[in-house]
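Remarks on the structure that follows.
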Amino acid sequence: MNWRRIGESAMESLIRLCGVSAVLFVFGILIFVFREGQDFMFNRLDFGEFFTQIAWRPTAEPPTYGALALISGTVGVTLVAMALAIPFGLGTAVFLSEFCSWRWKEALKITIELLAAIPSVVWGFIGITLMNELVIYITHVPVGVNVLNAGIILALMSVPIIVSIGEDALKAVPDGYREAAEALGATRWEVVYKVLFPAAKNGLLAAVLLGVGRAVGETMAVLMATGHSIRLIFDGQAPFFHPLYPGRTLTATIAAELGETSKGSDHYQVLFVIGLLLFVITFVINFSADLIVRGIRKE
Amino acid sequence: MHMERGVEVTDLSIWYGQKLVLKNVSLFANRGEILGVIGPSNSGKSSLLKCINRTLEFIPRARVEGSVRVEGLDVSAYSAHSLRRKVGMVFPLPVGLPLSIYENVAFAPRMAGIHRKVVLDELVERCLRQSALWDEVKDRLGMLGSKLSGGQQQRLTIARALSHEPEVLCLDEFSIAVDPVTTMRIEDVLTDLKKSITIILVTNLVQQARRLADRVAFINDGKLVEFDLTDTIYGEHPREKLTFDYVRGHFG
Amino acid sequence: MFKETPWVRRKFAVERLVASLFALMAAAMIVPLLLVVAHLFWQAWPSLSWEFISAFPRNNLKEGGIYPAIYGTFLMVAISLAITAPIGILAAVYLNEYARDSWFTRIVNLAVVNLAGVPSIVHALFGVGAFVWITGRPCILAASMTLGIMTLPVIIASTKQSLAAVPMAFREACWNVGASRWQTIRTIVLPNSISGILTGVILQVSRAAGETAPILFTGAVFFRRELPQSPLDQSMSLSMHLFSIATQGGQVPLSIQYGTAVVLLGLVMAFNLGSIVLRIYFRTRKKW
């Protein structure tokens with residue numbers, strides 16, 4: 001009896017420990033990434049150069065660490081991706097929740113769920129094979145792995161999350177609203193446009209934010225589809241935000257270069273600084289999405 | 001004649017947040033008797049029961065003043081688990097746990113560390129007999145308890161409440177989900193049970209309390225209006241006019 | 001009766017137009033994707049054989065199979081699951097059964113959301129900074145731990161959802177007969193949320209099997225002549241293998257590249273489909 005009491009309280013302590021583990025891990029990520037990069041960040045990194053220069057030549061002599069091209073690469077790829085993913089994702093969400101029969105809805109949702117599971121390295125592979133040829137065929141550029149290619153791939157990758165969160169947001173609008181509007185003679189489209197969009201706008205915004213978060217953080221697909229990984233020439237001078245040129249993003253740069261650095265070198269450390277920057281960006285995005293979703297639940 | 005106090009409530013007040021739901025209630029229930037608690041719904045009767053087995057603690061923002069004693073000891077002197085084993089509780093909506101009928105009844109003894117099959121078998125049969133369910137389910141004890149009908153689930157809940165051999169049995173409007181015939185059968189069971197334990201019966205069926213209870217407490221709007229022997233409450237001259245009106249169905 | 005004025009007619013024409021537009025959008029998202037998957041399978045078909053998944057690579061990866069990569073993926077995923085499943089399930093139990101509605105619980109929830117949102121390459125940096133630092137060199141164990149932490153939110157979310165679906169009345173009924181909180185969880189709550197837990201576990205496996213970035217620097221290697229002997233060895237993995245042969249500049253025949261992609265995709269899809277089937281199966285036999 002007594003042993004059981006002891007076992008039970010041990011179990012409860014374990015549960016509490018696991019409960020806070022997520023917090024510990026997030027702090028762990030912050031601390032360990034910071035630890036590896038802090039020496040360089042505080043002592044030798046010129047933040048002015050980092051954020052305003054486009055010359056990323058960590059192996060040149062002397063090295064320069066201008067991350068602006070990488071940042072704008074991330075922004076560019078994300079913009080292309082969102083330009084496609086937001087209208088199509090939200091459109092699909094509206095279709096699923098408002099215009100679709102129950103049977104189709106189940107089938108489509110399962111399909112979307114399966115598509116969300118395609119690994120990013122497979123997406124990257126699609127980018128350098130199939131999408132490469134498509135982009136060459138359509139735009140007549142000599143090499144088809146570029147910002148546009150990566151943007152399209154990223155759009156396809158972020159659509160599932162936008163659809164599922166967006167559909168949740170639409171589902172959360174009480175049926176009474178729809179019925180009241182339809183009783184007044186509104187058509188389905190008018191209901192969507194005049195009732196659902198205003199009522200669900202926070203949830204839809206959260207869906208878009210999470211899609212942006214996914215796009216900013218994506219690594220392998222972007223590494224492969226931007227042309228980064230096959231070592232196309234990138235001189236830091238070319239129009240670094242042109243959609244038909246190869247680009248480099250923050251995530252891909254880490255993935256491509258970390259393996260070639262020696263532990264503790266400036267180059268190694270600056271990659272951890274970039275990691276820290278990514279951590280902060282995605283934290284802000286997820287935090288705002290969380291606040292918005294929570295705001296909805298409160299109402 | 002000296003009667004043993006099963007439950008004794010002294011100056012009990014309960015707040016939910018700022019709202020006072022029970023105000024300075026004092027009453028008692030003797031072993032070997034049934035205490036009926038009557039009154040309109042939302043008058044604080046169920047909250048009173050939740051104080052007796054301390055499940056009120058699960059409600060956030062609830063606050064209690066005054067004392068509740070079970071078998072002579074203040075409820076805070078027991079550990080929550082041993083108190084709840086001493087006090088059987090049956091709530092208005094029956095809950096068949098998603099376990100077999102047998103396991104539903106054997107649940108509490110198992111949790112208390114009884115594992116011998118002979119003991120459990122005997123106990124399950126006795127409790128199911130006491131709650132007038134045995135004959136209906138004896139051939140299908142392996143069936144899911146949550147798939148029984150409402151009335152059967154209610155009797156299963158009673159069997160479960162009896163399975164840990166409580167000293168005090170509290171029933172909160174048990175007949176809501178039960179048909180009249182079953183209600184009568186359960187009432188017989190209660191009269192039988194009261195010989196050995198203390199029973200508190202919360203009900204808004206005025207006549208049910210009259211049939212079963214030895215003493216009756218009438219609670220209205222969080223206040224104890226009157227607490228006396230059943231014959232006095234239902235007689236021609238209760239102390240309060242309000243009681244007289246209520247038991248004759250003039251309001252509520 | 002209502003008269004069908006031109007205005008009403010126009011309104012319904014717009015309605016039909018909009019409905020088909022949305023249907024088109026949904027189709028525009030889904031049909032090409034299905035075509036892409038079909039294309040992958042079509043291209044991979046010539047290389048798929050029993051030998052492909054059971055033999056070692058030969059002749060500089062230009063011939064032979066991808067067995068060591070498959071083996072390595074299974075090993076990494078199994079270890080990551082063994083680490084992350086207990087933590088994830090208990091964390092969900094904490095969040096749903098113990099945590100009160102307080103600022104602290106909000107922080108825990110926010111941390112879970114964030115863990116899911118941190119880019120995979122940042123998880124990789126964490127793996128390098130923490131686990132590789134602990135084990136001394138990149139190895140399967142470090143890679144598995146990195147994968148495990150990255151996929152923790154998958155198990156937490158799925159388990160939490162199914163715990164929340166167990167009615168509160170069951171818990172109260174247990175407490176009322178004197179069962180403790182943990183007894184209630186062990187005997188009633190967990191057995192009745194087994195569907196969500198299993199779904200979460202399978203989803204975790206499928207996520208972990210497909211990830212590349214977290215294992216890039218923590219334990220996966222491009223090529224290794226023999227199978228790993230212990231968790232402290234490095235290993236090949238399917239995702240890493242696909243990445244390397246696809247970015248080598250055409251040295252490895254395309255059919256092998258496609259074959260590797262399809263094996264990886266098939267593995268991940270099979271697990272995902274499994275979780276979906278399981279979910280539907282459990283939905284049909286609810287216990288209350």
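Naming works like this for the structure tokens: A, B, ... for the chains as they're shown, residue 1 at the start of each chain, ligands 1 onward in shown order.
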Note to self: I'd like the neighbourhood of Phe22 in chain C as a list of chain:residue names, where a residue qualifies if any of its atoms comes within 8 Å (using only C-alpha atoms), though same-chain residues fewer than 2 positions away should be ignored.
What the structure shows: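 In the requested format, the answer is A:Gly91, A:Thr92, A:Val94, A:Phe95, C:Val18, C:Ala19, C:Ser20, C:Leu24, C:Met25, C:Ala26.
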Save out the residues we just selected, C-alpha atoms, as an mmCIF file, in the first residue's frame.
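The file below, selection_4.cif, is the result:
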data_model
loop_
_atom_site.group_PDB
_atom_site.id
_atom_site.type_symbol
_atom_site.label_atom_id
_atom_site.label_comp_id
_atom_site.auth_asym_id
_atom_site.auth_seq_id
_atom_site.Cartn_x
_atom_site.Cartn_y
_atom_site.Cartn_z
ATOM 1 C CA GLY A 91 -9.961 29.184 -51.677
ATOM 2 C CA THR A 92 -9.622 25.487 -51.036
ATOM 3 C CA VAL A 94 -13.676 27.875 -48.340
ATOM 4 C CA PHE A 95 -14.549 25.219 -50.888
ATOM 5 C CA VAL C 18 -17.955 31.474 -57.518
ATOM 6 C CA ALA C 19 -18.662 27.906 -56.485
ATOM 7 C CA SER C 20 -16.958 26.539 -59.572
ATOM 8 C CA LEU C 24 -11.242 24.898 -59.515
ATOM 9 C CA MET C 25 -8.870 26.290 -56.907
ATOM 10 C CA ALA C 26 -9.123 23.116 -54.863
#
Margin query: Give me, as a PyMOL selection string, all polymer residues having an atom no more than 7 Å from Val268 in chain C, counting only C-alpha atoms and skipping those fewer than 6 positions away in the same chain.
Written below: chain C and resi 206+209-210
Using only N, CA and C atoms, please write the residues we just selected to a file, as a tab-separated table (two decimals), in the first residue's frame.
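Full text of out-v2.tsv as output:
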chain	number	residue	atom	x	y	z
C	206	SER	N	6.34	8.79	-39.29
C	206	SER	CA	6.36	9.22	-40.67
C	206	SER	C	7.10	10.56	-40.82
C	209	ALA	N	10.90	9.85	-40.34
C	209	ALA	CA	11.53	9.13	-41.44
C	209	ALA	C	11.83	10.05	-42.62
C	210	GLY	N	11.04	11.11	-42.78
C	210	GLY	CA	11.21	11.96	-43.94
C	210	GLY	C	12.18	13.11	-43.74
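CA of Met150 in chain C sits 27.4 Å away from CA of Val166 in chain C.
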Margin query: Show me, as number ranges by chain, the residues of chain C whose atoms get within 10 Å of chain B, using only C-alpha atoms for the distance check.
Written below: C: 100-101, 167, 169-181, 183-184, 187-189, 191-192, 286-288
Sorted per-residue table, chain C near chain A, closest atoms and distance, 6 Å, only C-alpha atoms, as a tab-separated table:
residue	atom	partner	partner_atom	distance
C:Glu15	CA	A:Trp189	CA	5.7
C:Phe22	CA	A:Phe95	CA	5.4
C:Met25	CA	A:Phe88	CA	5.6
C:Ala26	CA	A:Thr92	CA	4.5
C:Ile87	CA	A:Cys18	CA	5.4
C:Leu90	CA	A:Ile15	CA	5.2
C:Ala91	CA	A:Gly19	CA	3.9
C:Tyr94	CA	A:Gly19	CA	5.2
C:Val108	CA	A:Val23	CA	5.8
C:Ala111	CA	A:Val23	CA	5.2
C:Val112	CA	A:Ala22	CA	5.6
C:Pro119	CA	A:Gly217	CA	4.2
C:Val122	CA	A:Gly275	CA	5.5
C:Phe126	CA	A:Ile29	CA	5.3
C:Gly129	CA	A:Phe32	CA	5.5
C:Gly210	CA	A:Pro119	CA	4.8
C:Thr247	CA	A:Ile230	CA	5.8
Checklist line | For Thr73 in chain C: contacts at 9 Å, only C-alpha atoms, fewer than 6 positions along chain excluded, given as an MDAnalysis selection string | finding: chainID C and resid 208:210 235:239
Generate the output file for the selected residues, all heavy atoms, as a CSV table (one decimal), in the first residue's frame.
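Dumped to again31.csv:
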chain,number,residue,atom,x,y,z
C,208,ALA,N,9.5,11.7,-38.8
C,208,ALA,CA,10.9,11.5,-38.5
C,208,ALA,C,11.6,10.8,-39.7
C,208,ALA,O,12.8,11.1,-40.0
C,208,ALA,CB,11.1,10.6,-37.2
C,209,ALA,N,10.9,9.9,-40.3
C,209,ALA,CA,11.5,9.1,-41.4
C,209,ALA,C,11.8,10.0,-42.6
C,209,ALA,O,12.8,9.8,-43.4
C,209,ALA,CB,10.6,8.0,-41.9
C,210,GLY,N,11.0,11.1,-42.8
C,210,GLY,CA,11.2,12.0,-43.9
C,210,GLY,C,12.2,13.1,-43.7
C,210,GLY,O,12.6,13.7,-44.7
C,235,SER,N,25.5,6.5,-39.8
C,235,SER,CA,24.8,5.6,-40.6
C,235,SER,C,24.3,6.4,-41.9
C,235,SER,O,24.1,7.6,-41.8
C,235,SER,CB,23.6,5.0,-39.9
C,235,SER,OG,22.7,4.4,-40.8
C,236,MET,N,24.0,5.6,-42.9
C,236,MET,CA,23.3,6.2,-44.1
C,236,MET,C,21.8,6.4,-43.7
C,236,MET,O,21.4,5.7,-42.8
C,236,MET,CB,23.5,5.4,-45.3
C,236,MET,CG,24.9,5.3,-45.8
C,236,MET,SD,25.1,4.1,-47.2
C,236,MET,CE,24.2,4.9,-48.5
C,237,SER,N,21.1,7.2,-44.4
C,237,SER,CA,19.7,7.2,-44.2
C,237,SER,C,19.0,7.6,-45.6
C,237,SER,O,19.7,8.2,-46.5
C,237,SER,CB,19.3,8.3,-43.2
C,237,SER,OG,18.9,9.5,-43.8
C,238,LEU,N,17.8,7.2,-45.7
C,238,LEU,CA,17.1,7.3,-47.0
C,238,LEU,C,17.1,8.8,-47.5
C,238,LEU,O,17.4,9.1,-48.6
C,238,LEU,CB,15.7,6.8,-46.9
C,238,LEU,CG,15.4,5.4,-47.3
C,238,LEU,CD1,13.9,5.1,-47.1
C,238,LEU,CD2,15.7,5.3,-48.8
C,239,SER,N,16.6,9.7,-46.5
C,239,SER,CA,16.5,11.1,-46.9
C,239,SER,C,17.8,11.7,-47.3
C,239,SER,O,17.9,12.4,-48.3
C,239,SER,CB,15.8,11.9,-45.8
C,239,SER,OG,16.5,11.7,-44.6
Next item on the list: Select, from B:Pro40, B:Gly113, B:Ile14, B:Ala29, the residue with the minimum atom-to-atom distance to chain A, counting only C-alpha atoms.
Entry: B:Gly113
Contacts of chain A with chain B up to 12 Å, shortest pair per row, only C-alpha atoms, as a tab-separated table:
residue	atom	partner	partner_atom	distance
A:Met1	CA	B:Gly113	CA	7.6
A:Asn2	CA	B:Gly113	CA	11.3
A:Trp3	CA	B:Gly113	CA	11.9
A:Arg4	CA	B:Gly113	CA	9.5
A:Arg5	CA	B:Ala112	CA	11.3
Note to self: I'd like to know which residues of range 72-192 of chain B are strand (DSSP E or B) (by DSSP, run on the backbone); could you write them as a PyMOL selection string?
What the structure shows: chain B and resi 73-74+87-90+100+144+168-172
Would you mind exporting the chosen residues as an mmCIF file, in the first residue's frame, restricted to N, CA and C atoms?
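Saved result, result_0.cif, follows:
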data_model
loop_
_atom_site.group_PDB
_atom_site.id
_atom_site.type_symbol
_atom_site.label_atom_id
_atom_site.label_comp_id
_atom_site.auth_asym_id
_atom_site.auth_seq_id
_atom_site.Cartn_x
_atom_site.Cartn_y
_atom_site.Cartn_z
ATOM 1 N N LEU B 73 -15.699 12.648 12.391
ATOM 2 C CA LEU B 73 -14.429 13.297 12.043
ATOM 3 C C LEU B 73 -14.657 14.339 10.955
ATOM 4 N N ASP B 74 -13.975 15.472 11.081
ATOM 5 C CA ASP B 74 -14.100 16.494 10.048
ATOM 6 C C ASP B 74 -13.576 15.955 8.714
ATOM 7 N N VAL B 87 -17.685 7.530 1.652
ATOM 8 C CA VAL B 87 -18.934 8.161 1.225
ATOM 9 C C VAL B 87 -19.256 7.727 -0.202
ATOM 10 N N GLY B 88 -20.302 6.958 -0.381
ATOM 11 C CA GLY B 88 -20.732 6.593 -1.727
ATOM 12 C C GLY B 88 -21.548 7.720 -2.320
ATOM 13 N N MET B 89 -21.389 7.967 -3.623
ATOM 14 C CA MET B 89 -22.070 9.127 -4.226
ATOM 15 C C MET B 89 -22.721 8.720 -5.541
ATOM 16 N N VAL B 90 -23.996 9.068 -5.693
ATOM 17 C CA VAL B 90 -24.699 8.768 -6.946
ATOM 18 C C VAL B 90 -25.268 10.067 -7.506
ATOM 19 N N SER B 100 -16.260 -3.287 -18.660
ATOM 20 C CA SER B 100 -17.334 -4.268 -18.600
ATOM 21 C C SER B 100 -18.176 -4.017 -17.348
ATOM 22 N N LEU B 144 -20.062 -4.015 -22.153
ATOM 23 C CA LEU B 144 -19.647 -2.676 -21.767
ATOM 24 C C LEU B 144 -20.721 -1.994 -20.924
ATOM 25 N N VAL B 168 -21.613 6.050 4.407
ATOM 26 C CA VAL B 168 -22.621 7.051 4.069
ATOM 27 C C VAL B 168 -22.905 6.942 2.573
ATOM 28 N N LEU B 169 -24.174 6.942 2.201
ATOM 29 C CA LEU B 169 -24.516 6.900 0.772
ATOM 30 C C LEU B 169 -25.319 8.145 0.432
ATOM 31 N N CYS B 170 -24.818 8.920 -0.521
ATOM 32 C CA CYS B 170 -25.527 10.128 -0.935
ATOM 33 C C CYS B 170 -26.096 9.915 -2.329
ATOM 34 N N LEU B 171 -27.359 10.217 -2.507
ATOM 35 C CA LEU B 171 -27.971 10.097 -3.828
ATOM 36 C C LEU B 171 -28.541 11.434 -4.240
ATOM 37 N N ASP B 172 -28.147 11.896 -5.436
ATOM 38 C CA ASP B 172 -28.598 13.197 -5.905
ATOM 39 C C ASP B 172 -29.590 12.977 -7.047
#
Notebook entry, point to check: Which residue gives the smallest distance to Gln229 in chain C among C:Ala99, C:Ile276, C:Thr284, C:Gly72, with only C-alpha atoms counted?
Noted result: C:Gly72
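Picture a line from CA of Lys11 in chain C to CA of Ala23 in chain C; it runs 18.5 Å.
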Next item on the list: Fewer than 3 positions away in the same chain doesn't count, so skip those; otherwise give me all residues within 9 Å of Val9 in chain B, counting only C-alpha atoms, as a PyMOL selection string.
Entry: chain B and resi 12+25-29+52+66-70
Checklist line | Asn146 in chain A environment, 8 Å, only C-alpha atoms, sequence neighbours closer than 5 positions dropped, as an NGL selection string | finding: :A and (225-227 or 243-247)
Check: Among range 44-292 of chain A, which residues carry a DSSP assignment of helix (DSSP H, G or I), reported as a VMD selection string?
Finding: chain A and resid 47 to 52 68 to 99 102 to 116 120 to 139 147 to 171 175 to 183 188 to 199 201 to 217 220 to 225 250 to 260 266 to 292
Next item on the list: Write out as a VMD selection string the residues lying within 12 Å of range 238-241 of chain B, counting only C-alpha atoms and excluding same-chain residues fewer than 4 positions away.
Entry: chain B and resid 216 to 218 224 to 234 245 to 248 250 to 251
Could you write those residues out with C-alpha atoms, as a PDB file, in the first residue's frame?
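Result file follows (again.pdb):
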ATOM      1  CA  VAL B 216     -36.348  16.003   5.981  1.00  0.00           C
ATOM      2  CA  ALA B 217     -34.437  19.214   5.339  1.00  0.00           C
ATOM      3  CA  PHE B 218     -36.079  21.842   3.134  1.00  0.00           C
ATOM      4  CA  LEU B 224     -32.213  26.019   5.239  1.00  0.00           C
ATOM      5  CA  VAL B 225     -35.903  26.769   5.731  1.00  0.00           C
ATOM      6  CA  GLU B 226     -36.764  23.895   8.007  1.00  0.00           C
ATOM      7  CA  PHE B 227     -35.203  20.679   9.267  1.00  0.00           C
ATOM      8  CA  ASP B 228     -37.309  18.208  11.234  1.00  0.00           C
ATOM      9  CA  LEU B 229     -38.858  14.758  11.416  1.00  0.00           C
ATOM     10  CA  THR B 230     -40.666  13.775   8.231  1.00  0.00           C
ATOM     11  CA  ASP B 231     -44.049  13.639   9.955  1.00  0.00           C
ATOM     12  CA  THR B 232     -43.694  17.211  11.160  1.00  0.00           C
ATOM     13  CA  ILE B 233     -42.614  18.573   7.786  1.00  0.00           C
ATOM     14  CA  TYR B 234     -45.433  16.871   5.930  1.00  0.00           C
ATOM     15  CA  ASP B 245     -46.798  25.548   0.740  1.00  0.00           C
ATOM     16  CA  TYR B 246     -43.895  23.709  -0.872  1.00  0.00           C
ATOM     17  CA  VAL B 247     -44.805  20.178   0.215  1.00  0.00           C
ATOM     18  CA  ARG B 248     -48.332  20.737  -0.984  1.00  0.00           C
ATOM     19  CA  HIS B 250     -48.194  25.494  -4.018  1.00  0.00           C
ATOM     20  CA  PHE B 251     -44.896  26.679  -5.453  1.00  0.00           C
TER      21      PHE B 251
END
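If you look at CA of Ile71 in chain A and CA of Pro58 in chain A, they are 15.8 Å away from each other.
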